[in-house]
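The structure file start-v1.tsv is reproduced below (TSV, C-alpha atoms and all ligand atoms).
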chain	number	residue	atom	x	y	z
A	1	MET	CA	-41.30	97.08	-78.27
A	2	MET	CA	-44.24	99.39	-78.94
A	3	LYS	CA	-45.78	100.71	-75.73
A	4	ASN	CA	-49.37	100.49	-76.89
A	5	ALA	CA	-50.59	97.83	-79.30
A	6	VAL	CA	-53.82	99.73	-79.89
A	7	GLU	CA	-54.65	103.45	-79.78
A	8	VAL	CA	-58.22	104.57	-80.25
A	9	ASP	CA	-58.80	108.29	-80.45
A	10	ARG	CA	-62.30	109.75	-80.43
A	11	LEU	CA	-63.76	106.81	-82.31
A	12	ARG	CA	-67.32	107.31	-83.49
A	13	VAL	CA	-69.40	104.54	-85.05
A	14	VAL	CA	-72.94	104.86	-86.34
A	15	ARG	CA	-74.93	101.70	-87.06
A	16	GLY	CA	-78.51	101.60	-88.27
A	17	GLY	CA	-78.60	105.41	-88.00
A	18	ARG	CA	-77.70	105.32	-84.29
A	19	PRO	CA	-74.37	106.33	-82.73
A	20	VAL	CA	-73.50	102.97	-81.12
A	21	ILE	CA	-70.05	104.31	-80.15
A	22	PRO	CA	-70.50	108.08	-79.70
A	23	GLU	CA	-66.86	108.96	-78.91
A	24	LEU	CA	-64.36	106.53	-77.45
A	25	THR	CA	-60.72	107.10	-76.57
A	26	TRP	CA	-58.81	104.06	-75.33
A	27	SER	CA	-55.42	102.42	-75.50
A	28	VAL	CA	-54.19	98.87	-74.98
A	29	PRO	CA	-50.68	98.23	-73.64
A	30	THR	CA	-48.58	95.68	-75.54
A	31	GLY	CA	-48.36	92.18	-74.05
A	32	GLN	CA	-51.43	92.39	-71.85
A	33	VAL	CA	-54.73	90.55	-71.71
A	34	VAL	CA	-57.42	93.20	-71.82
A	35	GLY	CA	-61.02	92.28	-71.10
A	36	LEU	CA	-63.85	94.04	-72.85
A	37	LEU	CA	-66.83	93.71	-70.58
A	38	GLY	CA	-70.35	95.00	-70.71
A	39	PRO	CA	-73.94	93.98	-71.29
A	40	SER	CA	-75.23	92.63	-74.57
A	41	GLY	CA	-75.50	95.40	-77.16
A	42	CYS	CA	-73.07	97.79	-75.43
A	43	GLY	CA	-70.75	97.87	-78.45
A	44	LYS	CA	-68.05	95.28	-77.74
A	45	THR	CA	-68.28	93.62	-81.16
A	46	THR	CA	-68.51	96.99	-82.91
A	47	LEU	CA	-65.33	98.12	-81.17
A	48	MET	CA	-63.56	94.87	-82.10
A	49	ARG	CA	-64.68	95.22	-85.71
A	50	SER	CA	-63.24	98.73	-85.70
A	51	LEU	CA	-59.89	97.40	-84.43
A	52	VAL	CA	-59.59	94.83	-87.18
A	53	GLY	CA	-60.70	97.31	-89.83
A	54	VAL	CA	-63.98	95.75	-90.95
A	55	GLN	CA	-66.28	98.37	-89.40
A	56	ARG	CA	-67.16	101.57	-91.20
A	57	VAL	CA	-66.36	104.36	-88.78
A	58	ALA	CA	-67.91	107.82	-88.73
A	59	GLY	CA	-65.01	109.60	-87.05
A	60	GLY	CA	-61.83	109.41	-85.02
A	61	ARG	CA	-58.74	107.30	-85.45
A	62	VAL	CA	-57.85	103.68	-84.69
A	63	ASP	CA	-54.19	102.64	-84.81
A	64	VAL	CA	-53.13	99.02	-84.41
A	65	LEU	CA	-49.46	98.08	-83.98
A	66	GLY	CA	-48.60	101.60	-85.14
A	67	ARG	CA	-50.67	101.43	-88.36
A	68	PRO	CA	-54.20	102.52	-89.21
A	69	ALA	CA	-56.64	99.66	-88.44
A	70	GLY	CA	-57.26	97.47	-91.46
A	71	SER	CA	-53.91	98.24	-93.14
A	72	LYS	CA	-52.74	95.52	-95.49
A	73	THR	CA	-49.50	95.05	-93.54
A	74	LEU	CA	-51.53	94.08	-90.46
A	75	ARG	CA	-53.19	91.11	-92.15
A	76	ASP	CA	-50.83	88.47	-90.77
A	77	LYS	CA	-50.19	90.32	-87.48
A	78	VAL	CA	-53.76	90.50	-86.21
A	79	GLY	CA	-55.94	87.47	-85.47
A	80	TYR	CA	-59.70	87.95	-85.12
A	81	VAL	CA	-62.14	85.36	-83.89
A	82	THR	CA	-65.80	86.30	-84.28
A	83	GLN	CA	-68.73	84.81	-82.40
A	84	ALA	CA	-69.88	82.99	-85.54
A	85	PRO	CA	-67.77	80.04	-86.75
A	86	SER	CA	-65.32	81.23	-89.39
A	87	VAL	CA	-64.10	77.86	-90.63
A	88	TYR	CA	-65.41	75.52	-93.33
A	89	ALA	CA	-67.80	72.88	-91.97
A	90	ASP	CA	-67.16	70.41	-94.82
A	91	LEU	CA	-63.37	70.37	-94.39
A	92	THR	CA	-61.48	68.58	-91.64
A	93	VAL	CA	-59.82	70.52	-88.84
A	94	THR	CA	-56.39	70.04	-90.42
A	95	GLU	CA	-57.60	70.96	-93.92
A	96	ASN	CA	-59.04	74.19	-92.51
A	97	LEU	CA	-55.85	75.05	-90.68
A	98	ARG	CA	-53.64	74.30	-93.70
A	99	TYR	CA	-55.84	76.55	-95.79
A	100	PHE	CA	-55.78	79.45	-93.28
A	101	ALA	CA	-52.04	79.00	-92.78
A	102	SER	CA	-51.50	79.57	-96.50
A	103	VAL	CA	-53.76	82.66	-96.35
A	104	VAL	CA	-51.58	84.26	-93.68
A	105	GLY	CA	-48.45	83.33	-95.61
A	106	VAL	CA	-47.03	80.42	-93.58
A	107	ARG	CA	-44.27	78.81	-95.70
A	108	ARG	CA	-45.13	75.40	-97.19
A	109	GLY	CA	-42.23	73.84	-95.34
A	110	ALA	CA	-43.52	75.13	-92.00
A	111	LEU	CA	-47.21	74.23	-92.53
A	112	ALA	CA	-47.29	70.85	-90.80
A	113	GLU	CA	-45.37	72.09	-87.79
A	114	GLN	CA	-47.51	75.25	-87.42
A	115	VAL	CA	-50.75	73.28	-87.70
A	116	ALA	CA	-49.58	70.76	-85.09
A	117	ARG	CA	-48.54	73.62	-82.78
A	118	VAL	CA	-51.90	75.42	-82.84
A	119	LEU	CA	-53.85	72.16	-82.54
A	120	GLU	CA	-51.89	71.40	-79.41
A	121	LEU	CA	-52.51	74.90	-78.03
A	122	VAL	CA	-56.30	74.56	-78.31
A	123	ASP	CA	-56.26	70.89	-77.28
A	124	LEU	CA	-57.71	69.52	-80.52
A	125	THR	CA	-54.91	67.21	-81.64
A	126	ALA	CA	-57.16	64.18	-81.15
A	127	ARG	CA	-59.75	65.64	-83.57
A	128	ALA	CA	-57.25	66.76	-86.21
A	129	HIS	CA	-58.82	64.69	-88.98
A	130	ALA	CA	-62.50	65.11	-88.07
A	131	PRO	CA	-64.70	67.20	-90.38
A	132	VAL	CA	-65.65	70.42	-88.58
A	133	SER	CA	-69.34	69.52	-89.15
A	134	GLN	CA	-68.87	66.59	-86.74
A	135	LEU	CA	-67.47	68.68	-83.90
A	136	SER	CA	-69.33	70.15	-80.93
A	137	GLY	CA	-69.97	73.91	-80.86
A	138	GLY	CA	-67.15	74.47	-78.38
A	139	GLN	CA	-64.72	72.39	-80.46
A	140	GLY	CA	-65.74	74.31	-83.57
A	141	SER	CA	-64.99	77.64	-81.93
A	142	ARG	CA	-61.60	76.31	-80.85
A	143	VAL	CA	-60.82	75.53	-84.51
A	144	SER	CA	-61.51	79.22	-85.28
A	145	LEU	CA	-59.19	80.18	-82.43
A	146	ALA	CA	-56.50	77.80	-83.70
A	147	ALA	CA	-56.79	79.40	-87.15
A	148	ALA	CA	-56.29	82.85	-85.58
A	149	LEU	CA	-53.14	81.62	-83.81
A	150	LEU	CA	-51.44	80.56	-87.06
A	151	GLY	CA	-48.45	82.64	-88.08
A	152	ASP	CA	-47.89	84.04	-84.58
A	153	PRO	CA	-50.06	87.18	-84.61
A	154	GLN	CA	-48.99	90.09	-82.39
A	155	LEU	CA	-52.57	91.04	-81.57
A	156	LEU	CA	-55.47	88.68	-80.97
A	157	VAL	CA	-59.00	90.04	-80.92
A	158	LEU	CA	-61.35	87.42	-79.52
A	159	ASP	CA	-65.10	87.94	-79.36
A	160	GLU	CA	-66.50	85.88	-76.49
A	161	PRO	CA	-64.13	82.93	-77.03
A	162	THR	CA	-65.24	81.04	-73.94
A	163	VAL	CA	-69.01	81.02	-74.55
A	164	GLY	CA	-70.40	77.50	-74.39
A	165	LEU	CA	-67.21	75.94	-73.03
A	166	ASP	CA	-67.09	73.80	-69.91
A	167	PRO	CA	-65.26	75.17	-66.85
A	168	VAL	CA	-62.11	73.09	-67.45
A	169	LEU	CA	-61.74	74.28	-71.03
A	170	ARG	CA	-62.49	77.85	-70.01
A	171	ARG	CA	-59.76	77.70	-67.40
A	172	ASP	CA	-57.33	76.16	-69.91
A	173	LEU	CA	-58.08	78.80	-72.51
A	174	TRP	CA	-57.55	81.65	-70.05
A	175	HIS	CA	-54.29	79.99	-69.09
A	176	LEU	CA	-53.32	79.93	-72.77
A	177	PHE	CA	-54.20	83.63	-73.14
A	178	GLY	CA	-51.94	84.43	-70.18
A	179	GLU	CA	-49.10	82.39	-71.68
A	180	LEU	CA	-49.45	84.13	-75.04
A	181	ALA	CA	-49.37	87.53	-73.33
A	182	ARG	CA	-46.22	86.59	-71.41
A	183	GLY	CA	-44.70	85.80	-74.80
A	184	GLY	CA	-45.47	89.36	-75.93
A	185	THR	CA	-48.82	88.91	-77.71
A	186	THR	CA	-51.54	91.43	-76.91
A	187	LEU	CA	-55.02	89.98	-76.39
A	188	ILE	CA	-58.36	91.75	-76.39
A	189	VAL	CA	-61.04	89.39	-75.14
A	190	SER	CA	-64.71	90.24	-74.84
A	191	SER	CA	-67.05	88.62	-72.40
A	192	HIS	CA	-70.33	89.35	-70.77
A	193	VAL	CA	-69.40	87.05	-67.91
A	194	MET	CA	-68.09	89.49	-65.34
A	195	ASP	CA	-66.13	86.89	-63.36
A	196	GLU	CA	-63.77	86.39	-66.31
A	197	ALA	CA	-62.43	89.85	-65.41
A	198	THR	CA	-60.19	88.25	-62.79
A	199	ARG	CA	-58.20	86.69	-65.64
A	200	CYS	CA	-57.40	90.02	-67.33
A	201	ASP	CA	-54.54	92.48	-66.77
A	202	ARG	CA	-56.83	95.39	-67.60
A	203	LEU	CA	-60.53	95.92	-68.20
A	204	LEU	CA	-62.62	98.18	-70.34
A	205	LEU	CA	-66.12	98.28	-68.90
A	206	MET	CA	-68.56	99.46	-71.53
A	207	ARG	CA	-72.14	100.63	-71.51
A	208	ASP	CA	-74.06	102.17	-74.40
A	209	GLY	CA	-70.87	102.50	-76.45
A	210	ARG	CA	-69.10	104.45	-73.72
A	211	ALA	CA	-66.23	103.52	-71.42
A	212	LEU	CA	-67.47	103.32	-67.85
A	213	ALA	CA	-63.98	102.36	-66.69
A	214	ASP	CA	-60.57	101.57	-68.16
A	215	ASP	CA	-58.48	100.19	-65.34
A	216	THR	CA	-56.93	97.17	-63.67
A	217	LEU	CA	-59.31	94.97	-61.69
A	218	LEU	CA	-57.73	96.13	-58.43
A	219	GLY	CA	-57.93	99.80	-59.44
A	220	LEU	CA	-61.55	99.34	-60.37
A	221	LEU	CA	-62.49	97.66	-57.10
A	222	GLU	CA	-60.63	100.25	-55.04
A	223	ARG	CA	-62.19	103.14	-56.90
A	224	THR	CA	-65.72	101.81	-56.48
A	225	GLY	CA	-65.26	100.38	-52.98
A	226	THR	CA	-66.61	97.02	-54.12
A	227	ASP	CA	-65.24	93.50	-54.07
A	228	ASP	CA	-66.39	92.08	-57.39
A	229	VAL	CA	-66.66	93.35	-60.94
A	230	GLU	CA	-70.41	93.03	-61.13
A	231	ALA	CA	-70.85	95.27	-58.08
A	232	ALA	CA	-68.24	97.68	-59.48
A	233	PHE	CA	-70.12	97.82	-62.78
A	234	LEU	CA	-73.43	98.58	-61.03
A	235	THR	CA	-71.79	101.27	-58.88
A	236	LEU	CA	-70.37	102.92	-62.00
A	237	VAL	CA	-73.76	102.76	-63.75
A	238	ASP	CA	-75.41	104.42	-60.73
A	239	ASP	CA	-72.68	107.07	-60.52
A	240	ALA	CA	-73.10	107.85	-64.21
A	241	ALA	CA	-76.89	108.16	-63.75
A	242	HIS	CA	-76.42	110.55	-60.80
A	243	GLU	CA	-73.98	112.66	-62.81
A	244	GLU	CA	-76.42	112.75	-65.69
A	245	ALA	CA	-79.27	113.80	-63.37
A	246	ALA	CA	-77.14	116.52	-61.76
A	247	ARG	CA	-76.36	118.09	-65.15
A	301	LIG	N1	-75.74	95.35	-88.47
A	301	LIG	C1	-76.20	96.25	-87.60
A	301	LIG	N2	-77.01	97.26	-88.00
A	301	LIG	C2	-77.49	98.16	-87.13
A	301	LIG	N3	-77.21	98.16	-85.82
A	301	LIG	C3	-76.43	97.18	-85.37
A	301	LIG	C4	-75.89	96.17	-86.21
A	301	LIG	N4	-75.14	95.34	-85.47
A	301	LIG	C5	-75.22	95.79	-84.21
A	301	LIG	N5	-75.98	96.88	-84.14
A	301	LIG	C6	-76.30	97.68	-82.92
A	301	LIG	O1	-75.09	98.19	-82.41
A	301	LIG	C7	-75.08	98.15	-80.98
A	301	LIG	C8	-73.83	97.45	-80.51
A	301	LIG	O2	-73.85	96.09	-80.93
A	301	LIG	P1	-72.61	95.11	-80.66
A	301	LIG	O3	-72.87	93.87	-81.44
A	301	LIG	O4	-71.37	95.85	-80.89
A	301	LIG	O5	-72.79	94.82	-79.09
A	301	LIG	P2	-72.09	93.74	-78.18
A	301	LIG	O6	-71.71	94.44	-76.93
A	301	LIG	O7	-71.02	93.06	-78.93
A	301	LIG	O8	-73.28	92.73	-77.88
A	301	LIG	P3	-73.22	91.12	-77.57
A	301	LIG	O9	-72.57	90.97	-76.23
A	301	LIG	O10	-74.67	90.76	-77.55
A	301	LIG	O11	-72.47	90.49	-78.69
A	301	LIG	C9	-76.36	97.44	-80.57
A	301	LIG	O12	-77.27	98.41	-80.12
A	301	LIG	C10	-76.87	96.78	-81.83
A	301	LIG	O13	-78.26	96.77	-81.86
Since I need it in another form, could you write the structure as structure tokens?
Ligand SMILES: Nc1ncnc2c1ncn2[C@@H]1O[C@H](COP(=O)(O)OP(=O)(O)OP(=O)(O)O)[C@@H](O)[C@H]1O
Amino acid sequence: MMKNAVEVDRLRVVRGGRPVIPELTWSVPTGQVVGLLGPSGCGKTTLMRSLVGVQRVAGGRVDVLGRPAGSKTLRDKVGYVTQAPSVYADLTVTENLRYFASVVGVRRGALAEQVARVLELVDLTARAHAPVSQLSGGQGSRVSLAAALLGDPQLLVLDEPTVGLDPVLRRDLWHLFGELARGGTTLIVSSHVMDEATRCDRLLLMRDGRALADDTLLGLLERTGTDDVEAAFLTLVDDAAHEEAAR
């Protein structure tokens, strides 16, 4: 098994004429749930877009599963769920999933079984035949997640997948992410809810396109002498400001 599912080396991204990721080096171990945390606008989505190969980059290298990000051979190995719904509102849940299954190359004979499997995973079996337009926001985003799970991807990149979900569903989804990781899938999950950090094996704390920390939760708390991620984040922001002032 590959040691790192993702290797980012001196990535630079410029958006709207501004360096939103000035220079980021980061790696993600295979089979872990890695949380991408940081305030709104810090560059989480931009980094995720770079991993799946849809972001124009100004410099550096991004390798995913041993291939340059965006390579054709990665298409059915990487699942990406954006913040905006990525399924068709006028089709039913099952119609959407059958369509996306064919896009990622699921065999015709395996379609029904694959669709049933992912519906079960995201707890939407009861709504299998409802048009997506009749679902709640949270249910709609779970259809997008189900679509990303088709074909057994090795890497899942999930942009704020738990936004707008009730606590029970949030807990169940984090449980699912843990299960998938134990099965060897690597998950990169962004959130601006700091308490979701406790669910992750590792964390990348970002601010202004830079890594404030890349560590386990325990390592982070020990290093900052704090007992929750929010306090750790604030300590790191203050430390960075002091360093900047001392320069
Ligand atoms: N299409 C765009 N054109 C120009 N600048 C952009 C564009 N999209 C995002 N940006 C800028 O890039 C920076 C990073 O945005 P990004 O969406 O990656 O942040 P984020 O951490 O994912 O935020 P959020 O948590 O709100 O989704 C922000 O300063 C944003 O203003």
Would you list the contacts of region 101-103 of chain A as a PyMOL selection string, taking every protein, DNA or RNA residue within 10 Å and counting only C-alpha atoms, but skipping same-chain residues closer than 3 positions in sequence? chain A and resi 75-76+95-98+106-108+110-112+114-115+147-151
Distance query region 183-194 of chain A at most 9 Å, all atoms listed in the file, self and fewer than 6 positions along chain excluded, as a ChimeraX atom specification: /A:5,28-40,44-45,48,152-163,177,200,228-230,233
Residue with smallest distance to Arg142 (chain A) - pool A:Pro22, A:Gly178, A:Gly17, A:Pro85, counting only C-alpha atoms: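 For Arg142 (chain A), the nearest of the candidates is A:Pro85.
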Figure out the distance between atom N1 of ligand LIG 301 (chain A) and CA of Gly137 (chain A), please, to one decimal in Å.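 Atom N1 of ligand LIG 301 (chain A) lies at a distance of 23.5 Å from CA of Gly137 (chain A).
Proximity of A:Ala240, A:Cys42, A:Ala58, A:Leu218 to ligand LIG 301 (chain A), computed with only C-alpha atoms and all ligand atoms, is greatest for A:Cys42.
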Who sits within 6 Å of Val6 (chain A), only C-alpha atoms, same chain under 6 positions skipped, as a PyMOL selection string: chain A and resi 27-28+63-64
Could you give me, as JSON, numbers by chain, the residues that sit within 12 Å of (-64.2, 63.1, -88.2) in the file's coordinates, counting all atoms listed in the file? {"A": [89, 90, 91, 92, 93, 94, 95, 124, 126, 127, 128, 129, 130, 131, 132, 133, 134, 135, 136]}
Selection export as a tab-separated table (two decimals), in the frame of the given file, atoms kept: C-alpha atoms:
chain	number	residue	atom	x	y	z
A	89	ALA	CA	-67.80	72.88	-91.97
A	90	ASP	CA	-67.16	70.41	-94.82
A	91	LEU	CA	-63.37	70.37	-94.39
A	92	THR	CA	-61.48	68.58	-91.64
A	93	VAL	CA	-59.82	70.52	-88.84
A	94	THR	CA	-56.39	70.04	-90.42
A	95	GLU	CA	-57.60	70.96	-93.92
A	124	LEU	CA	-57.71	69.52	-80.52
A	126	ALA	CA	-57.16	64.18	-81.15
A	127	ARG	CA	-59.75	65.64	-83.57
A	128	ALA	CA	-57.25	66.76	-86.21
A	129	HIS	CA	-58.82	64.69	-88.98
A	130	ALA	CA	-62.50	65.11	-88.07
A	131	PRO	CA	-64.70	67.20	-90.38
A	132	VAL	CA	-65.65	70.42	-88.58
A	133	SER	CA	-69.34	69.52	-89.15
A	134	GLN	CA	-68.87	66.59	-86.74
A	135	LEU	CA	-67.47	68.68	-83.90
A	136	SER	CA	-69.33	70.15	-80.93
Find the distance between CA of Leu165 (chain A) and CA of Ala232 (chain A) and write it in Å to one decimal. 25.6 Å
